[in-house]
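Engineer: Provided below: upload.txt, containing compact mmCIF, C-alpha atoms and all ligand atoms.
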# COMPACT_ATOMS: atom_id res chain seq x y z
CA MET J 18 131.71 -102.11 150.69
CA THR J 19 129.28 -99.58 149.28
CA THR J 20 126.77 -97.94 151.57
CA ALA J 21 123.06 -97.75 150.76
CA THR J 22 122.12 -94.51 149.09
CA ARG J 23 118.99 -92.69 148.07
CA ALA J 24 118.66 -92.08 144.36
CA ALA J 25 116.01 -90.93 141.90
CA VAL J 26 115.74 -92.14 138.33
CA LEU J 27 113.49 -90.32 135.85
CA VAL J 28 112.77 -91.83 132.44
CA ILE J 29 110.79 -89.82 129.87
CA LEU J 30 109.28 -91.43 126.76
CA ASP J 31 108.87 -88.23 124.77
CA GLY J 32 105.37 -87.74 123.36
CA MET J 33 103.87 -90.97 124.77
CA ARG J 34 100.08 -90.62 124.99
CA ARG J 35 98.54 -92.16 128.07
CA ASP J 36 95.60 -93.68 126.14
CA LEU J 37 98.01 -95.56 123.83
CA ILE J 38 99.42 -97.58 126.76
CA THR J 39 98.43 -101.24 126.30
CA PRO J 40 99.80 -104.56 127.61
CA GLU J 41 100.72 -105.54 124.03
CA LEU J 42 102.46 -102.30 123.01
CA THR J 43 103.91 -101.18 126.35
CA PRO J 44 104.32 -104.19 128.66
CA ASN J 45 106.95 -102.45 130.77
CA ILE J 46 104.84 -99.36 131.48
CA CYS J 47 101.99 -101.71 132.41
CA ALA J 48 104.28 -103.74 134.70
CA LEU J 49 105.45 -100.55 136.37
CA MET J 50 101.82 -99.49 136.94
CA VAL J 51 101.31 -102.71 138.90
CA ARG J 52 104.38 -102.05 141.07
CA GLY J 53 103.88 -98.31 141.42
CA THR J 54 101.27 -95.55 141.43
CA GLN J 55 99.92 -94.17 138.17
CA PHE J 56 98.69 -90.59 137.91
CA ALA J 57 95.42 -90.74 135.97
CA ALA J 58 94.99 -86.96 135.65
CA TYR J 59 98.59 -86.15 134.76
CA ARG J 60 98.75 -83.17 132.38
CA SER J 61 101.39 -81.34 130.41
CA VAL J 62 102.04 -77.59 130.63
CA PHE J 63 101.48 -74.84 128.01
CA PRO J 64 102.90 -74.95 125.42
CA SER J 65 102.81 -78.76 125.63
CA ALA J 66 106.25 -78.89 124.08
CA THR J 67 109.49 -80.63 125.02
CA ARG J 68 111.75 -77.66 125.82
CA VAL J 69 109.10 -76.05 127.99
CA VAL J 70 108.38 -79.29 129.84
CA SER J 71 112.12 -79.90 130.27
CA SER J 72 112.49 -76.50 131.99
CA CYS J 73 109.38 -77.08 134.12
CA THR J 74 110.74 -80.50 135.11
CA ALA J 75 114.16 -79.10 135.98
CA THR J 76 112.88 -76.16 138.05
CA GLY J 77 109.52 -77.35 139.38
CA CYS J 78 108.15 -74.03 138.15
CA GLN J 79 105.71 -72.67 135.58
CA PRO J 80 107.04 -71.02 132.40
CA ARG J 81 106.22 -67.52 133.72
CA HIS J 82 108.65 -68.16 136.58
CA HIS J 83 111.53 -70.00 134.87
CA GLY J 84 111.29 -67.91 131.69
CA LEU J 85 111.49 -70.55 128.93
CA ARG J 86 108.09 -69.65 127.46
CA GLY J 87 108.03 -71.83 124.36
CA ASN J 88 109.84 -74.35 122.17
CA SER J 89 110.17 -71.23 120.05
CA MET J 90 109.81 -67.87 121.75
CA ALA J 91 110.93 -64.26 121.55
CA LEU J 92 113.16 -62.17 123.75
CA LEU J 93 112.89 -58.40 124.04
CA GLU J 94 116.37 -57.27 123.04
CA ASN J 95 116.99 -53.51 123.10
CA GLY J 96 113.23 -53.03 122.91
CA GLN J 97 112.95 -55.24 119.81
CA ILE J 98 111.12 -58.55 119.54
CA VAL J 99 113.69 -61.14 118.51
CA PRO J 100 112.45 -64.67 117.74
CA HIS J 101 114.51 -67.64 118.93
CA ASP J 102 114.47 -71.39 118.53
CA ALA J 103 114.83 -72.60 122.12
CA GLY J 104 116.09 -75.93 120.76
CA HIS J 105 119.32 -74.28 119.63
CA PRO J 106 122.30 -75.40 121.75
CA ASP J 107 123.22 -71.79 122.58
CA PHE J 108 119.72 -70.44 123.32
CA LEU J 109 119.89 -70.44 127.13
CA GLN J 110 123.45 -69.11 127.11
CA HIS J 111 122.14 -66.29 124.90
CA ARG J 112 119.19 -65.75 127.25
CA ARG J 113 121.67 -65.34 130.11
CA ARG J 114 123.52 -62.67 128.15
CA VAL J 115 120.23 -60.84 127.42
CA THR J 116 118.36 -61.22 130.73
CA GLY J 117 121.07 -62.11 133.25
CA HIS J 118 119.78 -65.66 133.74
CA ALA J 119 119.67 -68.78 131.60
CA LEU J 120 116.58 -69.87 133.56
CA ASP J 121 115.10 -67.61 136.24
CA ARG J 122 114.70 -70.37 138.86
CA PRO J 123 117.21 -72.94 140.18
CA THR J 124 117.29 -76.34 138.52
CA MET J 125 117.43 -79.67 140.31
CA ALA J 126 121.02 -79.89 139.04
CA GLU J 127 121.85 -76.73 141.02
CA ARG J 128 120.03 -77.89 144.14
CA LEU J 129 121.77 -81.28 143.98
CA ALA J 130 125.29 -79.95 143.40
CA GLY J 131 127.33 -81.23 146.34
CA ARG J 132 124.36 -83.38 147.41
CA GLY J 133 124.90 -86.37 145.15
CA GLY J 134 124.75 -84.55 141.84
CA SER J 135 122.74 -85.10 138.69
CA ALA J 136 123.27 -86.70 135.31
CA VAL J 137 120.91 -86.03 132.40
CA PHE J 138 120.99 -88.14 129.21
CA SER J 139 118.80 -86.59 126.55
CA ASN J 140 118.08 -87.61 122.98
CA VAL J 141 115.82 -84.69 122.04
CA SER J 142 116.88 -81.18 120.93
CA PRO J 143 120.06 -79.67 122.41
CA GLY J 144 118.04 -76.79 123.89
CA ALA J 145 115.76 -79.21 125.72
CA ALA J 146 118.73 -81.22 127.01
CA TYR J 147 120.61 -78.18 128.30
CA ALA J 148 117.47 -76.73 129.92
CA HIS J 149 118.00 -79.33 132.67
CA ASP J 150 121.26 -77.71 133.68
CA PRO J 151 122.17 -74.59 131.69
CA ASP J 152 124.58 -73.32 134.34
CA GLY J 153 126.66 -76.50 134.50
CA PHE J 154 126.15 -77.88 138.00
CA GLY J 155 126.04 -81.54 137.04
CA PHE J 156 126.48 -83.79 134.00
CA VAL J 157 124.52 -83.45 130.75
CA TYR J 158 124.94 -85.92 127.89
CA HIS J 159 123.76 -84.96 124.41
CA ARG J 160 124.94 -85.56 120.85
CA ALA J 161 125.47 -81.80 120.39
CA GLY J 162 127.95 -81.78 123.28
CA SER J 163 128.27 -83.36 126.72
CA PHE J 164 129.31 -81.40 129.77
CA GLY J 165 130.49 -82.01 133.32
CA PRO J 166 130.37 -79.55 136.23
CA GLY J 167 131.43 -76.06 135.19
CA ARG J 168 130.22 -76.91 131.66
CA THR J 169 133.51 -78.70 131.10
CA PRO J 170 133.22 -80.53 127.77
CA LEU J 171 133.24 -84.33 128.04
CA ALA J 172 134.38 -86.64 125.27
CA VAL J 173 131.97 -89.56 125.55
CA GLY J 174 131.57 -90.67 121.95
CA ILE J 175 127.85 -89.98 121.53
CA GLU J 176 128.21 -87.22 118.92
CA ASP J 177 126.78 -89.48 116.20
CA VAL J 178 123.77 -90.68 118.21
CA THR J 179 120.65 -90.31 116.05
CA PRO J 180 117.35 -88.85 117.29
CA ASP J 181 115.44 -92.08 116.73
CA ALA J 182 114.87 -95.50 118.30
CA GLU J 183 118.39 -96.67 117.47
CA GLY J 184 119.86 -93.54 119.07
CA ASP J 185 117.64 -94.02 122.11
CA ALA J 186 119.05 -97.53 122.49
CA ARG J 187 122.61 -96.18 122.47
CA MET J 188 121.78 -93.40 124.94
CA THR J 189 120.11 -95.93 127.24
CA LYS J 190 123.19 -98.17 127.14
CA GLN J 191 125.37 -95.18 128.04
CA PHE J 192 122.93 -94.17 130.78
CA LEU J 193 122.88 -97.64 132.32
CA GLY J 194 126.64 -97.90 132.18
CA GLU J 195 127.49 -94.47 133.56
CA ALA J 196 124.60 -93.08 135.56
CA ILE J 197 122.72 -95.71 137.48
CA THR J 198 124.71 -98.91 137.94
CA ARG J 199 126.02 -99.30 141.48
CA ASP J 200 129.62 -99.00 140.40
CA GLY J 201 128.91 -96.21 137.90
CA ARG J 202 128.94 -92.49 138.49
CA ASN J 203 125.76 -93.02 140.50
CA ALA J 204 124.33 -89.53 140.52
CA ALA J 205 121.60 -88.85 143.11
CA LEU J 206 119.36 -87.89 140.17
CA ALA J 207 119.69 -89.70 136.86
CA VAL J 208 117.46 -88.59 133.98
CA LEU J 209 117.02 -90.47 130.71
CA TRP J 210 114.95 -88.51 128.16
CA LEU J 211 114.22 -90.66 125.09
CA GLY J 212 113.43 -89.07 121.72
CA GLU J 213 110.80 -91.69 120.89
CA PRO J 214 107.93 -92.08 120.32
CA ASP J 215 107.79 -88.32 119.66
CA ALA J 216 110.18 -88.32 116.71
CA SER J 217 108.30 -91.07 114.87
CA GLN J 218 104.85 -89.68 115.71
CA HIS J 219 105.82 -86.44 113.91
CA CYS J 220 106.43 -88.39 110.68
CA HIS J 221 104.05 -91.35 110.95
CA PRO J 222 100.30 -91.22 111.61
CA LEU J 223 99.37 -91.91 115.24
CA GLY J 224 98.44 -95.56 115.63
CA SER J 225 100.25 -96.57 112.40
CA PRO J 226 102.84 -99.40 112.40
CA GLY J 227 105.70 -96.84 112.27
CA ALA J 228 104.46 -94.91 115.30
CA ASN J 229 103.62 -98.08 117.24
CA ALA J 230 107.07 -99.56 116.60
CA ALA J 231 108.59 -96.44 118.18
CA ILE J 232 106.32 -96.77 121.21
CA ALA J 233 107.32 -100.41 121.63
CA ALA J 234 111.01 -99.55 121.32
CA ALA J 235 110.77 -96.79 123.94
CA ASP J 236 108.95 -99.18 126.25
CA THR J 237 111.78 -101.69 125.80
CA ARG J 238 114.27 -99.00 126.90
CA LEU J 239 112.16 -98.41 130.03
CA GLY J 240 112.32 -102.15 130.73
CA GLU J 241 116.12 -102.05 130.55
CA VAL J 242 116.18 -99.24 133.11
CA MET J 243 113.72 -101.10 135.37
CA ALA J 244 116.03 -104.12 135.39
CA VAL J 245 119.04 -102.06 136.50
CA VAL J 246 116.97 -100.22 139.12
CA ALA J 247 115.97 -103.63 140.48
CA GLN J 248 119.68 -104.54 140.78
CA ARG J 249 120.37 -101.27 142.60
CA ARG J 250 117.57 -102.01 145.05
CA ALA J 251 118.80 -105.57 145.55
CA GLY J 252 122.10 -103.98 146.53
CA GLY J 253 120.28 -102.01 149.21
CA ASP J 254 119.77 -98.63 147.53
CA ASN J 255 116.53 -96.69 148.03
CA VAL J 256 115.69 -95.80 144.44
CA LEU J 257 112.64 -93.78 143.41
CA LEU J 258 111.76 -94.60 139.79
CA LEU J 259 109.59 -92.13 137.89
CA ALA J 260 108.58 -92.97 134.33
CA GLY J 261 106.44 -90.70 132.21
CA SER J 262 106.11 -88.49 129.19
CA ASP J 263 106.11 -84.76 128.56
CA HIS J 264 103.01 -84.39 126.37
CA GLY J 265 100.79 -86.38 124.05
CA HIS J 266 100.09 -85.84 120.35
CA GLN J 267 97.13 -85.18 118.09
CA THR J 268 96.71 -85.39 114.32
CA VAL J 269 97.30 -82.30 112.19
CA THR J 270 94.46 -81.73 109.71
CA GLU J 271 95.15 -78.08 108.80
CA VAL J 272 98.16 -75.72 108.93
CA ILE J 273 97.56 -72.02 109.56
CA ASP J 274 100.00 -69.19 108.87
CA VAL J 275 99.04 -66.91 111.76
CA ASN J 276 101.48 -64.17 110.70
CA ALA J 277 100.04 -64.14 107.17
CA ALA J 278 96.56 -63.76 108.68
CA LEU J 279 97.79 -60.85 110.82
CA ALA J 280 99.39 -59.23 107.76
CA GLU J 281 96.27 -59.72 105.67
CA ALA J 282 94.22 -58.02 108.38
CA GLY J 283 96.59 -55.05 108.22
CA PHE J 284 98.27 -55.49 111.61
CA LYS J 285 101.71 -55.89 110.05
CA SER J 286 103.31 -55.24 106.70
CA SER J 287 104.71 -58.69 106.02
CA GLY J 288 104.24 -62.12 107.45
CA GLU J 289 107.43 -63.45 108.95
CA THR J 290 109.28 -60.38 110.19
CA ALA J 291 109.04 -58.78 113.61
CA GLY J 292 109.80 -55.38 112.08
CA ASP J 293 106.36 -53.94 112.85
CA GLY J 294 106.65 -55.07 116.45
CA LEU J 295 104.16 -57.94 116.04
CA LEU J 296 105.08 -61.59 115.66
CA ALA J 297 103.22 -64.86 116.15
CA ILE J 298 105.53 -67.73 117.06
CA SER J 299 104.27 -71.24 116.43
CA ASN J 300 104.57 -73.87 119.09
CA GLY J 301 102.90 -76.56 117.01
CA THR J 302 99.24 -76.56 118.04
CA GLY J 303 99.87 -73.63 120.35
CA CYS J 304 101.08 -70.15 119.48
CA LEU J 305 102.72 -67.26 121.35
CA VAL J 306 102.01 -63.76 120.07
CA TYR J 307 104.47 -60.97 120.85
CA LEU J 308 103.81 -57.23 120.54
CA SER J 309 106.23 -54.38 120.96
CA PRO J 310 105.53 -52.33 124.13
CA THR J 311 105.40 -49.24 121.88
CA ARG J 312 102.25 -50.45 120.11
CA THR J 313 98.82 -49.76 121.58
CA ASP J 314 96.58 -52.04 119.50
CA GLY J 315 97.03 -55.20 121.58
CA GLN J 316 93.35 -55.53 122.43
CA VAL J 317 92.23 -55.22 118.81
CA ILE J 318 94.76 -57.88 117.79
CA CYS J 319 93.56 -60.25 120.52
CA ASP J 320 89.94 -59.71 119.46
CA PHE J 321 90.87 -60.39 115.83
CA LEU J 322 92.71 -63.60 116.68
CA ARG J 323 89.92 -64.82 118.94
CA SER J 324 87.39 -64.42 116.12
CA GLN J 325 89.32 -66.65 113.70
CA PRO J 326 87.84 -70.08 112.96
CA TRP J 327 91.23 -71.74 113.57
CA CYS J 328 91.65 -70.22 117.02
CA GLY J 329 90.79 -72.48 119.96
CA GLN J 330 91.31 -70.65 123.25
CA LEU J 331 93.07 -67.31 123.64
CA PHE J 332 94.70 -66.11 126.86
CA GLU J 333 95.69 -62.49 127.43
CA GLY J 334 96.38 -60.24 130.40
CA ALA J 335 95.49 -61.76 133.74
CA THR J 336 94.11 -64.97 132.16
CA LEU J 337 97.65 -65.93 131.08
CA ALA J 338 98.40 -66.87 134.70
CA GLY J 339 95.87 -69.71 134.39
CA ILE J 340 98.18 -71.43 131.88
CA GLY J 341 101.41 -70.58 133.70
CA HIS J 342 102.29 -67.45 131.73
CA GLU J 343 102.18 -63.68 132.15
CA ALA J 344 102.06 -60.62 129.90
CA SER J 345 105.72 -59.67 130.20
CA GLY J 346 108.76 -59.75 127.96
CA GLY J 347 106.63 -58.62 125.02
CA LEU J 348 104.15 -61.51 125.27
CA LEU J 349 100.73 -60.20 124.23
CA CYS J 350 98.73 -63.41 124.27
CA ALA J 351 98.90 -67.17 123.90
CA LEU J 352 96.48 -69.19 121.86
CA THR J 353 95.67 -72.77 121.11
CA MET J 354 94.74 -73.88 117.62
CA ARG J 355 91.25 -75.37 117.27
CA CYS J 356 90.96 -79.12 117.80
CA ASP J 357 88.22 -81.73 117.85
CA MET J 358 87.67 -85.37 118.67
CA THR J 359 87.89 -86.67 115.08
CA SER J 360 89.86 -89.93 114.77
CA ASN J 361 92.54 -90.47 112.15
CA ALA J 362 92.68 -93.37 109.69
CA PHE J 363 94.09 -95.62 112.43
CA GLY J 364 91.25 -94.84 114.83
CA VAL J 365 93.29 -92.59 117.12
CA PRO J 366 91.12 -89.66 118.30
CA GLY J 367 92.15 -86.00 118.45
CA SER J 368 92.68 -83.79 115.40
CA GLY J 369 93.12 -80.13 114.71
CA ALA J 370 95.06 -77.22 113.27
CA SER J 371 98.69 -76.37 113.83
CA ALA J 372 100.44 -73.03 113.37
CA LYS J 373 103.04 -72.72 110.62
CA PRO J 374 106.51 -72.25 112.14
CA LEU J 375 108.70 -69.27 111.23
CA GLY J 376 111.09 -69.95 108.39
CA ALA J 377 110.50 -73.68 108.46
CA LYS J 378 108.47 -76.26 106.62
CA PRO J 379 104.88 -76.52 107.87
CA ASP J 380 103.72 -79.73 109.52
CA ARG J 381 102.61 -82.40 107.13
CA LEU J 382 98.92 -83.20 107.29
CA GLY J 383 97.96 -86.48 108.92
CA PHE J 384 100.95 -86.72 111.27
CA GLY J 385 101.24 -86.00 114.98
CA GLN J 386 101.81 -82.64 116.63
CA HIS J 387 101.37 -81.02 120.05
CA GLY J 388 101.82 -77.70 121.84
CA GLY J 389 98.28 -76.76 122.80
CA LEU J 390 95.73 -77.72 125.42
CA GLY J 391 93.75 -80.36 123.50
CA PRO J 392 92.67 -83.41 125.52
CA TRP J 393 95.11 -85.82 123.87
CA GLU J 394 98.18 -83.62 123.67
CA GLN J 395 97.52 -82.93 127.36
CA MET J 396 97.52 -86.67 128.11
CA PRO J 397 101.07 -87.65 129.04
CA PHE J 398 101.55 -90.48 131.53
CA LEU J 399 103.32 -90.70 134.86
CA VAL J 400 104.08 -93.70 137.06
CA ALA J 401 106.00 -93.44 140.33
CA GLU J 402 107.48 -96.52 141.93
CA GLY J 403 109.37 -96.66 145.20
CA ALA J 404 109.10 -95.46 148.80
CA GLY J 405 106.00 -93.28 149.30
CA PHE J 406 104.02 -94.73 146.39
CA MET J 407 101.44 -97.51 146.80
CA PRO J 408 101.79 -100.42 144.38
CA GLY J 409 98.92 -100.64 141.91
CA ALA J 410 97.33 -97.39 143.08
CA VAL J 411 95.65 -94.89 140.76
CA ASP J 412 96.11 -91.33 141.94
CA THR J 413 93.55 -88.94 140.42
CA ARG J 414 95.00 -85.68 141.79
CA ASP J 415 95.91 -82.87 139.43
CA ALA J 416 99.58 -83.39 138.63
CA SER J 417 101.95 -82.01 136.01
CA PRO J 418 105.69 -81.81 135.26
CA ILE J 419 106.16 -79.01 137.83
CA ASP J 420 105.50 -81.64 140.52
CA LEU J 421 108.43 -83.83 139.52
CA ALA J 422 111.20 -81.71 141.09
CA PRO J 423 109.46 -81.39 144.50
CA THR J 424 108.83 -85.17 144.46
CA ILE J 425 112.40 -86.03 143.53
CA LEU J 426 113.95 -83.51 145.92
CA ARG J 427 111.81 -84.75 148.83
CA HIS J 428 113.00 -88.31 148.16
CA LEU J 429 116.60 -87.12 148.14
CA GLY J 430 116.15 -85.04 151.30
CA VAL J 431 116.85 -81.72 149.57
CA ALA J 432 114.73 -78.57 150.01
CA ALA J 433 112.35 -77.69 147.18
CA ASP J 434 111.58 -74.14 148.32
CA GLY J 435 110.38 -71.79 145.60
CA CYS J 436 108.90 -74.54 143.39
CA ASP J 437 105.39 -73.94 142.02
CA GLY J 438 104.64 -77.67 142.05
CA GLY J 439 104.14 -80.01 144.99
CA CYS J 440 105.42 -83.39 146.16
CA LEU J 441 103.38 -86.32 144.82
CA SER J 442 104.42 -89.00 147.34
ZN ZN D 1 108.33 -83.83 123.75
Will you turn the file into structure tokens for me?
Ligand SMILES: [Zn+2]

Structural biologist:
Amino acid sequence: MTTATRAAVLVILDGMRRDLITPELTPNICALMVRGTQFAAYRSVFPSATRVVSSCTATGCQPRHHGLRGNSMALLENGQIVPHDAGHPDFLQHRRRVTGHALDRPTMAERLAGRGGSAVFSNVSPGAAYAHDPDGFGFVYHRAGSFGPGRTPLAVGIEDVTPDAEGDARMTKQFLGEAITRDGRNAALAVLWLGEPDASQHCHPLGSPGANAAIAAADTRLGEVMAVVAQRRAGGDNVLLLAGSDHGHQTVTEVIDVNAALAEAGFKSSGETAGDGLLAISNGTGCLVYLSPTRTDGQVICDFLRSQPWCGQLFEGATLAGIGHEASGGLLCALTMRCDMTSNAFGVPGSGASAKPLGAKPDRLGFGQHGGLGPWEQMPFLVAEGAGFMPGAVDTRDASPIDLAPTILRHLGVAADGCDGGCLS
């Protein structure tokens, strides 16, 4: 005889734009909106990028407080600006060695250790998966390595899962079998983070058959989770189901090499190195600019960047707080690449420039990207269904990923002190 338990289930359809939700393409999201409350003003964070949103989700805090500033970011190491790909499996372990902490605020996994535990199944980058629980308090499942408490490696046979719709289907099957069925491991918090439709939207135009097929597939995975949650509830469990996305997408129409522009203007000797103590780090349609504390020309550099035709908004000094950042750790400023309302060939609005990544191929023109503060990349969706949420309601409050942890922790009866976000129920 099992006793009724409280549980929270979070499903993320990575990169799903709220305005692309339709009864034809996403019947399960639409069905959930009827049973639960949708958040019509739900926004992403800055950069609107998966690893950053994963950390904000896990901690309920802004990037300036948890410390994972970008999908790619720099650390000040022995006074030097060192660029890092935060998607690398070892990034947060490295950050702990450099700064003393993997993330600077507790994760839900830490708060739930000994209180029902957590299990995260992620089919995005390893760095984003491990950002949910870098210190090993609960279970994390990822193709790059799965871990139990104490970061004990688990052999679960998902090493060959692919970051696409087929891989999402396998991860969902594993998730349903191990994390949320009544006789499974039954963690208090179970997170399923699908790689689609983000992966396909980066290599198919938004609104094209390839991108829409990925949206439909991700919606089907949500439907599978909804069915198992219904079984759990029929068995008497009090399950809060949250379904959403981390950011939207917009169409790339221009790629800018920000470091080359800085070099051309004489602020550094060569584009991609941090040797002069100045480095712009692309986060897709957003960009973080780092400057060595020994240099004194920060204001001139900000003024130069702001005057460029490809620059959207630029945040420096005290204005960084408005987007959840601060001028510390070598961060000089953050900027968004310009964007406009132009529609692509498939009639999907939102286009603009993206910043060329360090040492990697630039985005291909005509495909989706995100990272900035444009209206459509800042249009993820969120639906909450369960106790505390009115069926069919449309909540127009400001809400963002930092509100997920306080909402989940309240449902589970665990304190959410120190979170920047608030409870949505
Ligand atoms: Zn994402």

Engineer: Find, counting only C-alpha atoms, the residue in J:Gly367, J:Gly252, J:Gly261, J:Gly315 that gets nearest to J:Phe398.

Structural biologist: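 The answer is J:Gly261, which sits nearest to J:Phe398.
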
Engineer: Using only C-alpha atoms and all ligand atoms, which residues have at least one atom no more than 9 Å from ligand ZN 1 (chain D)? Output them as a list in words.

Structural biologist: Ile29, Leu30, Asp31, Gly32, Met33, Ser65, Ala66, Thr67, Arg68, Val69, Val70, Ser71, Val141, Ala145, Gly212, Glu213, Pro214, Asp215, Ala216, Ser262, Asp263, His264, Gly265 and His387 of chain J

Engineer: Can you build me a table of stretch 252-370 of chain J residues sitting at most 6 Å from stretch 76-94 of chain J, with the closest atom pair per residue and its distance in Å to one decimal, using all atoms listed in the file, sorted by chain and residue number, as JSON lines?

Structural biologist:
{"residue": "J:Gly341", "atom": "CA", "partner": "J:Gln79", "partner_atom": "CA", "distance": 5.1}
{"residue": "J:His342", "atom": "CA", "partner": "J:Arg81", "partner_atom": "CA", "distance": 4.4}
{"residue": "J:Glu343", "atom": "CA", "partner": "J:Arg81", "partner_atom": "CA", "distance": 5.8}
{"residue": "J:Gly346", "atom": "CA", "partner": "J:Leu93", "partner_atom": "CA", "distance": 5.9}

Engineer: Given only C-alpha atoms as the basis, pick out the residue of J:Phe156, J:Leu441, J:Lys373, J:Gly227 nearest to J:Pro170.

Structural biologist: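 Among the listed residues, J:Phe156 lies closest to J:Pro170.
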
Engineer: From the set J:Leu322, J:Ala235, J:Val365, J:Ile197, which residue has the shortest atom-to-atom contact distance to J:Trp393, counting only C-alpha atoms?

Structural biologist: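 Ranked by minimum distance to J:Trp393, first place goes to J:Val365.
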
Engineer: List as a list in words the protein and nucleic acid residues near J:Ala230, meaning an atom at most 12 Å away when all atoms listed in the file are counted, but skip any in the same chain fewer than 5 places from it.

Structural biologist: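 In the requested format, the answer is Glu41, Leu42, Thr43, Asp181, Ala182, Glu183, Glu213, Pro214, Asp215, Ala216, Ser217, Gln218, His221, Pro222, Leu223, Gly224, Ser225, Ala235, Asp236 and Thr237 of chain J.
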
Engineer: Given all atoms listed in the file as the basis, pick out the residue of J:Thr353, J:Thr54, J:Thr268, J:Thr116 nearest to J:Cys220.

Structural biologist: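 The shortest atom-to-atom distance to J:Cys220 comes from J:Thr268.
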
Engineer: Excluding J:Phe154 and any residue of its chain fewer than 6 positions from it, enumerate the residues within 10 Å of it, using only C-alpha atoms, and give them as a PDB file with C-alpha atoms, keeping the file's coordinate frame.

Structural biologist:
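Dumped everything to selection_32.pdb:
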ATOM      1  CA  THR J 124     117.290 -76.340 138.520  1.00  0.00           C
ATOM      2  CA  MET J 125     117.430 -79.670 140.310  1.00  0.00           C
ATOM      3  CA  ALA J 126     121.020 -79.890 139.040  1.00  0.00           C
ATOM      4  CA  GLU J 127     121.850 -76.730 141.020  1.00  0.00           C
ATOM      5  CA  ARG J 128     120.030 -77.890 144.140  1.00  0.00           C
ATOM      6  CA  LEU J 129     121.770 -81.280 143.980  1.00  0.00           C
ATOM      7  CA  ALA J 130     125.290 -79.950 143.400  1.00  0.00           C
ATOM      8  CA  GLY J 131     127.330 -81.230 146.340  1.00  0.00           C
ATOM      9  CA  GLY J 134     124.750 -84.550 141.840  1.00  0.00           C
ATOM     10  CA  SER J 135     122.740 -85.100 138.690  1.00  0.00           C
ATOM     11  CA  ALA J 136     123.270 -86.700 135.310  1.00  0.00           C
ATOM     12  CA  PHE J 164     129.310 -81.400 129.770  1.00  0.00           C
ATOM     13  CA  GLY J 165     130.490 -82.010 133.320  1.00  0.00           C
ATOM     14  CA  PRO J 166     130.370 -79.550 136.230  1.00  0.00           C
ATOM     15  CA  GLY J 167     131.430 -76.060 135.190  1.00  0.00           C
ATOM     16  CA  ARG J 168     130.220 -76.910 131.660  1.00  0.00           C
TER      17      ARG J 168
END

Engineer: Extract, using all atoms listed in the file, all DNA, RNA and protein residues at most 12 Å from J:Thr179, discarding same-chain residues fewer than 3 positions from it, and format them as a list in words.

Structural biologist: Ser139, Asn140, Val141, Ser142, His159, Arg160, Ala161, Ile175, Glu176, Ala182, Glu183, Gly184, Asp185, Ala186, Arg187, Met188, Leu211, Gly212, Glu213 and Ala216 of chain J

Engineer: Okay, now the selection with C-alpha atoms, as a PDB file, keeping the file's coordinate frame?

Structural biologist:
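Contents of selection.pdb, as written:
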ATOM      1  CA  SER J 139     118.800 -86.590 126.550  1.00  0.00           C
ATOM      2  CA  ASN J 140     118.080 -87.610 122.980  1.00  0.00           C
ATOM      3  CA  VAL J 141     115.820 -84.690 122.040  1.00  0.00           C
ATOM      4  CA  SER J 142     116.880 -81.180 120.930  1.00  0.00           C
ATOM      5  CA  HIS J 159     123.760 -84.960 124.410  1.00  0.00           C
ATOM      6  CA  ARG J 160     124.940 -85.560 120.850  1.00  0.00           C
ATOM      7  CA  ALA J 161     125.470 -81.800 120.390  1.00  0.00           C
ATOM      8  CA  ILE J 175     127.850 -89.980 121.530  1.00  0.00           C
ATOM      9  CA  GLU J 176     128.210 -87.220 118.920  1.00  0.00           C
ATOM     10  CA  ALA J 182     114.870 -95.500 118.300  1.00  0.00           C
ATOM     11  CA  GLU J 183     118.390 -96.670 117.470  1.00  0.00           C
ATOM     12  CA  GLY J 184     119.860 -93.540 119.070  1.00  0.00           C
ATOM     13  CA  ASP J 185     117.640 -94.020 122.110  1.00  0.00           C
ATOM     14  CA  ALA J 186     119.050 -97.530 122.490  1.00  0.00           C
ATOM     15  CA  ARG J 187     122.610 -96.180 122.470  1.00  0.00           C
ATOM     16  CA  MET J 188     121.780 -93.400 124.940  1.00  0.00           C
ATOM     17  CA  LEU J 211     114.220 -90.660 125.090  1.00  0.00           C
ATOM     18  CA  GLY J 212     113.430 -89.070 121.720  1.00  0.00           C
ATOM     19  CA  GLU J 213     110.800 -91.690 120.890  1.00  0.00           C
ATOM     20  CA  ALA J 216     110.180 -88.320 116.710  1.00  0.00           C
TER      21      ALA J 216
END

Engineer: How far is it from atom CA of J:Gly334 to atom CA of J:Thr313, in Å with one decimal?

Structural biologist: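 Going from atom CA of J:Gly334 over to atom CA of J:Thr313 covers 13.9 Å.
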
Engineer: Can you list, as a PyMOL selection string, every protein, DNA or RNA residue that comes within 6 Å of J:Met396 when you count all atoms listed in the file, leaving out same-chain residues fewer than 4 positions away?

Structural biologist: chain J and resi 34-35+60+265

Engineer: Quick one: distance from atom CA of J:Leu296 to atom CA of J:His105 in Å, one decimal?

Structural biologist: 19.5 Å

Engineer: Leaving out J:Ala422 and any residue of its chain fewer than 4 positions from it, which residues lie within 8 Å of it when counting all atoms listed in the file, given as a list in words?

Structural biologist: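 Here the answer would be Thr74, Ala75, Thr76, Gly77, Met125, Leu426, Ala433, Cys436, Gly438 and Cys440 of chain J.
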
Engineer: Need the neighbours of (98.8, -67.7, 112.6): which residues are at most 9 Å away, counting all atoms listed in the file, as a list in words?

Structural biologist: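 Returned residue set, sorted by chain then number, is Val272, Ile273, Asp274, Val275, Asn276, Ala277, Ala278, Leu279, Ala297, Ile298, Ser299, Cys304, Leu322, Trp327, Cys328, Met354, Ser371, Ala372, Lys373 and Pro374 of chain J.
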